[in-house]
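Chemist: Here it is: the structure, laid out below.
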Amino acid sequence: MATDEQAKADKKTSLTTKIMIGMVAGVVVGLIFNQIDSAFIDTHIVGGLFAMVGKMFVNALKMLVVPLVVFSLICGVLGIGDIRILGRVGGKAFVLYLLTTAIAIAVAIGIASLVGPGAGFNMEGVDTGGIVAKEAPSVWQVFANIVPTNPVAALANGEMLQIIFYVIVLAVAALMLGEMSEPFARACEYMNELMMKIVGIVMSAAPYGVFCLIAKTFTEQGPELFVPVLAYVGTLVGALFLHLFVTLMIILKAFSGLDPFTFMKKIRPAQIFAFSTASSNATIPVTYRCVTERMGVDNSVASFSVPLGATINMDGTAIMQGVATVFLANVYGVDLGLSGYLTVIGMSVLASIGTAGVPGVGLVMLTMVLGQVGLPIEGIALILGVDRLMDMIRTAVNISGDAVVTAIVAKSENKIDMKVFADPEAGTTSDELDIDPAAEAALANITHPHPSA
């Protein structure tokens, strides 16, 4: 009996191990392929097979985002049952997200100012890469756009803030209808459980998707792209790691009392997915599973905080903007001064609210910031070569910030199961694609009854 239990325990944790193996193997294969000059490998293996599998995997994750957010958020609001509590949870999450983003970019500017990357850099012959500056949105425009003119279009286009707003209004209206909403609530509970099963199906292919995404990226980028901007890369990675392992963990411990080491172990699968996809939105299903099943956060908090964080909380991206701004200011010999840096902090926080969590969004946000402080947009071309790999790291930091705030809010509302949080095996049972033959047979008998029944 003990042997069977041990075998089951080993099986529970096997997918996480496979994902780690896939990521490491992807790095190794990518670096090897980068050194091989072969049209066949570039065209059919990297640009063909790896690109196809990686794209399919990311698309599958994105496929889950909107329905998962819709049904989990409806269930969460209905589960709270009190609109005032919903407002309190939302207010706490919103303030904490803005606070962590502001702290992130302030720390990044401080580190970059001390290190001084970019001094003496030669801009001659640098390609601009076709980056076009975008106008910074006003604070009024950002909040006005939260209300959708067409909820169906918002759902179709994945406009996360608009979706969250509409679904909350829908769920609040269902609460106001009282008993009439019971069939609706049961249907949403079923759809939420169904979506979590689909998440399990998609995650069963994770090791292969992660391998292809990582291998393709490292094959195309290679290590030599880091050499010209080594000071920028080193400063940015250092600032990202400092925020992840020190700042966020101090905030977590100070505001919730939760153990940072346990938290980092529990959030690791989401960090791997974020690193692989470079998309906070695509990682929503995995982040949601980590905070609910692995950490014990109640759905009433996680269903709101996780998708909101993926949309407005971009700690890693804000850090990139701070370091990149200081880097480009040094390149062009511009002294931004205190007012310039305060402008960068304010603009980054504002831009993070109104910008989607998709790959490459950091460069779009950076054009807004640079335009506000008078730095040439063409300077972005200096960091284009390394941005993809930096995007992967900063996305992992982004979703870690989402999980930290979610855990803090849940603890403050007594909406976290501490037994689940402390259990190292919690939430690992669904890491494998598990099909129950008895359940299949029972459902088949319902839909197609046996003549003798």
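Just so we're on the same page: first chain in the structure tokens is A, next is B, and so on; residues restart at 1 for each chain, and ligands are numbered from 1 in the order they show up.
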DSSP on the backbone: which residues in region 229-364 of chain A end up as alpha helix (DSSP H)? Give the answer as JSON, numbers by chain.
Modeler: {"A": [230, 231, 232, 233, 234, 235, 236, 237, 238, 239, 240, 241, 242, 248, 249, 250, 251, 252, 253, 254, 255, 256, 260, 261, 262, 263, 264, 265, 266, 267, 268, 269, 270, 271, 272, 273, 274, 275, 276, 277, 284, 285, 286, 287, 288, 289, 299, 300, 301, 302, 303, 304, 305, 306, 307, 308, 309, 310, 311, 312, 315, 316, 317, 318, 319, 320, 321, 322, 323, 324, 325, 326, 327, 328, 329, 330, 331, 332, 337, 338, 339, 340, 341, 342, 343, 344, 345, 346, 347, 348, 349, 350, 351, 352, 353, 354, 361, 362, 363, 364]}
Chemist: Can you list, as a PyMOL selection string, every protein, DNA or RNA residue that comes within 10 Å of Phe263 (chain A) when you count only C-alpha atoms, leaving out same-chain residues fewer than 6 positions away?
Modeler: chain A and resi 249+252+290-291+294-295+400+403-404+407+421-422
Chemist: When you draw a straight line from CA of Leu382 (chain A) to CA of Ile312 (chain A), how long is it in Å?
Modeler: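 Taking CA of Leu382 (chain A) as the start and CA of Ile312 (chain A) as the end point, the length is 26.6 Å.
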Chemist: Please provide the set of residues having any atom within 12 Å of Glu159 (chain A), restricted to only C-alpha atoms, with same-chain residues fewer than 6 positions apart removed, written as a PyMOL selection string.
Modeler: chain A and resi 65-66+69-70+145-153+165-166+281+307-308+310-312+354-358
Chemist: Put those residues in a file: C-alpha atoms, as a CSV table (one decimal), in the first residue's frame.
Modeler:
```
chain,number,residue,atom,x,y,z
A,65,VAL,CA,-8.1,32.8,-21.0
A,66,VAL,CA,-11.4,34.5,-21.8
A,69,VAL,CA,-11.7,34.5,-16.5
A,70,VAL,CA,-15.5,34.9,-17.3
A,145,ASN,CA,-11.9,52.6,-21.9
A,146,ILE,CA,-12.6,50.2,-19.1
A,147,VAL,CA,-16.4,50.4,-19.9
A,148,PRO,CA,-17.0,48.4,-23.1
A,149,THR,CA,-19.3,49.7,-25.9
A,150,ASN,CA,-19.8,46.1,-27.1
A,151,PRO,CA,-19.2,43.3,-24.5
A,152,VAL,CA,-19.2,40.7,-27.3
A,153,ALA,CA,-16.4,42.5,-29.1
A,165,PHE,CA,-15.8,45.2,-15.8
A,166,TYR,CA,-18.7,43.6,-17.7
A,281,ASN,CA,-2.3,36.9,-20.4
A,307,PRO,CA,-6.7,38.5,-14.5
A,308,LEU,CA,-6.6,42.1,-13.2
A,310,ALA,CA,-2.1,40.2,-15.7
A,311,THR,CA,-3.6,43.4,-17.2
A,312,ILE,CA,-2.5,46.3,-15.0
A,354,GLY,CA,-3.8,50.7,-20.2
A,355,THR,CA,-1.6,48.2,-22.0
A,356,ALA,CA,-2.3,44.5,-22.7
A,357,GLY,CA,-0.1,41.7,-21.2
A,358,VAL,CA,1.1,40.3,-24.5
```
Chemist: Considering only C-alpha atoms, give me a table of residues in region 263-322 of chain A that are at most 7 Å from region 93-107 of chain A, with the closest atom pair and distance in Å for each, as JSON lines.
Modeler:
```
{"residue": "A:Ser305", "atom": "CA", "partner": "A:Ala93", "partner_atom": "CA", "distance": 6.3}
{"residue": "A:Gly309", "atom": "CA", "partner": "A:Tyr97", "partner_atom": "CA", "distance": 6.9}
{"residue": "A:Asn313", "atom": "CA", "partner": "A:Tyr97", "partner_atom": "CA", "distance": 5.4}
{"residue": "A:Met314", "atom": "CA", "partner": "A:Thr101", "partner_atom": "CA", "distance": 6.4}
{"residue": "A:Asp315", "atom": "CA", "partner": "A:Thr101", "partner_atom": "CA", "distance": 4.7}
{"residue": "A:Ala318", "atom": "CA", "partner": "A:Ile105", "partner_atom": "CA", "distance": 5.2}
{"residue": "A:Ile319", "atom": "CA", "partner": "A:Ile105", "partner_atom": "CA", "distance": 4.7}
{"residue": "A:Gly322", "atom": "CA", "partner": "A:Ile105", "partner_atom": "CA", "distance": 5.4}
```
Chemist: Write out the residues from the selection above, keeping N, CA and C atoms, as a PDB file, in the first residue's frame.
Modeler:
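In the end it all went to out31.pdb:
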```
ATOM      1  N   SER A 305      -8.387  38.902  -8.850  1.00  0.00           N
ATOM      2  CA  SER A 305      -7.045  39.471  -8.721  1.00  0.00           C
ATOM      3  C   SER A 305      -6.088  39.014  -9.819  1.00  0.00           C
ATOM      4  N   GLY A 309      -4.400  41.528 -12.388  1.00  0.00           N
ATOM      5  CA  GLY A 309      -2.956  41.699 -12.311  1.00  0.00           C
ATOM      6  C   GLY A 309      -2.266  41.490 -13.644  1.00  0.00           C
ATOM      7  N   ASN A 313      -0.766  44.979 -13.773  1.00  0.00           N
ATOM      8  CA  ASN A 313       0.432  44.863 -12.938  1.00  0.00           C
ATOM      9  C   ASN A 313       1.603  44.354 -13.770  1.00  0.00           C
ATOM     10  N   MET A 314       2.547  45.228 -14.073  1.00  0.00           N
ATOM     11  CA  MET A 314       3.685  44.854 -14.913  1.00  0.00           C
ATOM     12  C   MET A 314       4.983  45.308 -14.249  1.00  0.00           C
ATOM     13  N   ASP A 315       5.296  44.666 -13.128  1.00  0.00           N
ATOM     14  CA  ASP A 315       6.505  45.023 -12.390  1.00  0.00           C
ATOM     15  C   ASP A 315       7.752  44.859 -13.250  1.00  0.00           C
ATOM     16  N   ALA A 318       7.899  47.437 -16.018  1.00  0.00           N
ATOM     17  CA  ALA A 318       8.241  48.742 -15.455  1.00  0.00           C
ATOM     18  C   ALA A 318       9.728  48.833 -15.150  1.00  0.00           C
ATOM     19  N   ILE A 319      10.311  47.748 -14.652  1.00  0.00           N
ATOM     20  CA  ILE A 319      11.748  47.722 -14.382  1.00  0.00           C
ATOM     21  C   ILE A 319      12.533  47.907 -15.679  1.00  0.00           C
ATOM     22  N   GLY A 322      12.500  51.540 -16.649  1.00  0.00           N
ATOM     23  CA  GLY A 322      13.400  52.350 -15.838  1.00  0.00           C
ATOM     24  C   GLY A 322      14.847  52.192 -16.250  1.00  0.00           C
TER      25      GLY A 322
END
```
Chemist: Here is a test: counting only C-alpha atoms, which residue of A:Asp42, A:Glu378, A:Glu425, A:Glu179 is nearest to Val331 (chain A)?
Modeler: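 Of A:Asp42, A:Glu378, A:Glu425, A:Glu179, the one nearest Val331 (chain A), counting only C-alpha atoms, is A:Glu378.
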Chemist: What's around Met20 (chain A) at 12 Å? Count only C-alpha atoms, leave out sequence neighbours fewer than 6 positions away in its own chain, and write the answer as a list in words.
Modeler: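 Non-adjacent residues within range: Thr13, Ser14, Gly26, Val27, Ala206, Pro207, Tyr208, Gly209, Val210, Phe211, Ile214, Arg268, Pro269, Ala270, Gln271, Ile272, Phe273, Phe275 and Ser276 of chain A.
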Chemist: Can you tell me how far CA of Ile168 (chain A) sits from CA of Leu86 (chain A), in Å to one decimal?
Modeler: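 These two atoms are separated by 9.3 Å.
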Chemist: Separation of CA of Ala324 (chain A) and CA of Asp402 (chain A), in Å?
Modeler: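 Between CA of Ala324 (chain A) and CA of Asp402 (chain A) the gap is 22.9 Å.
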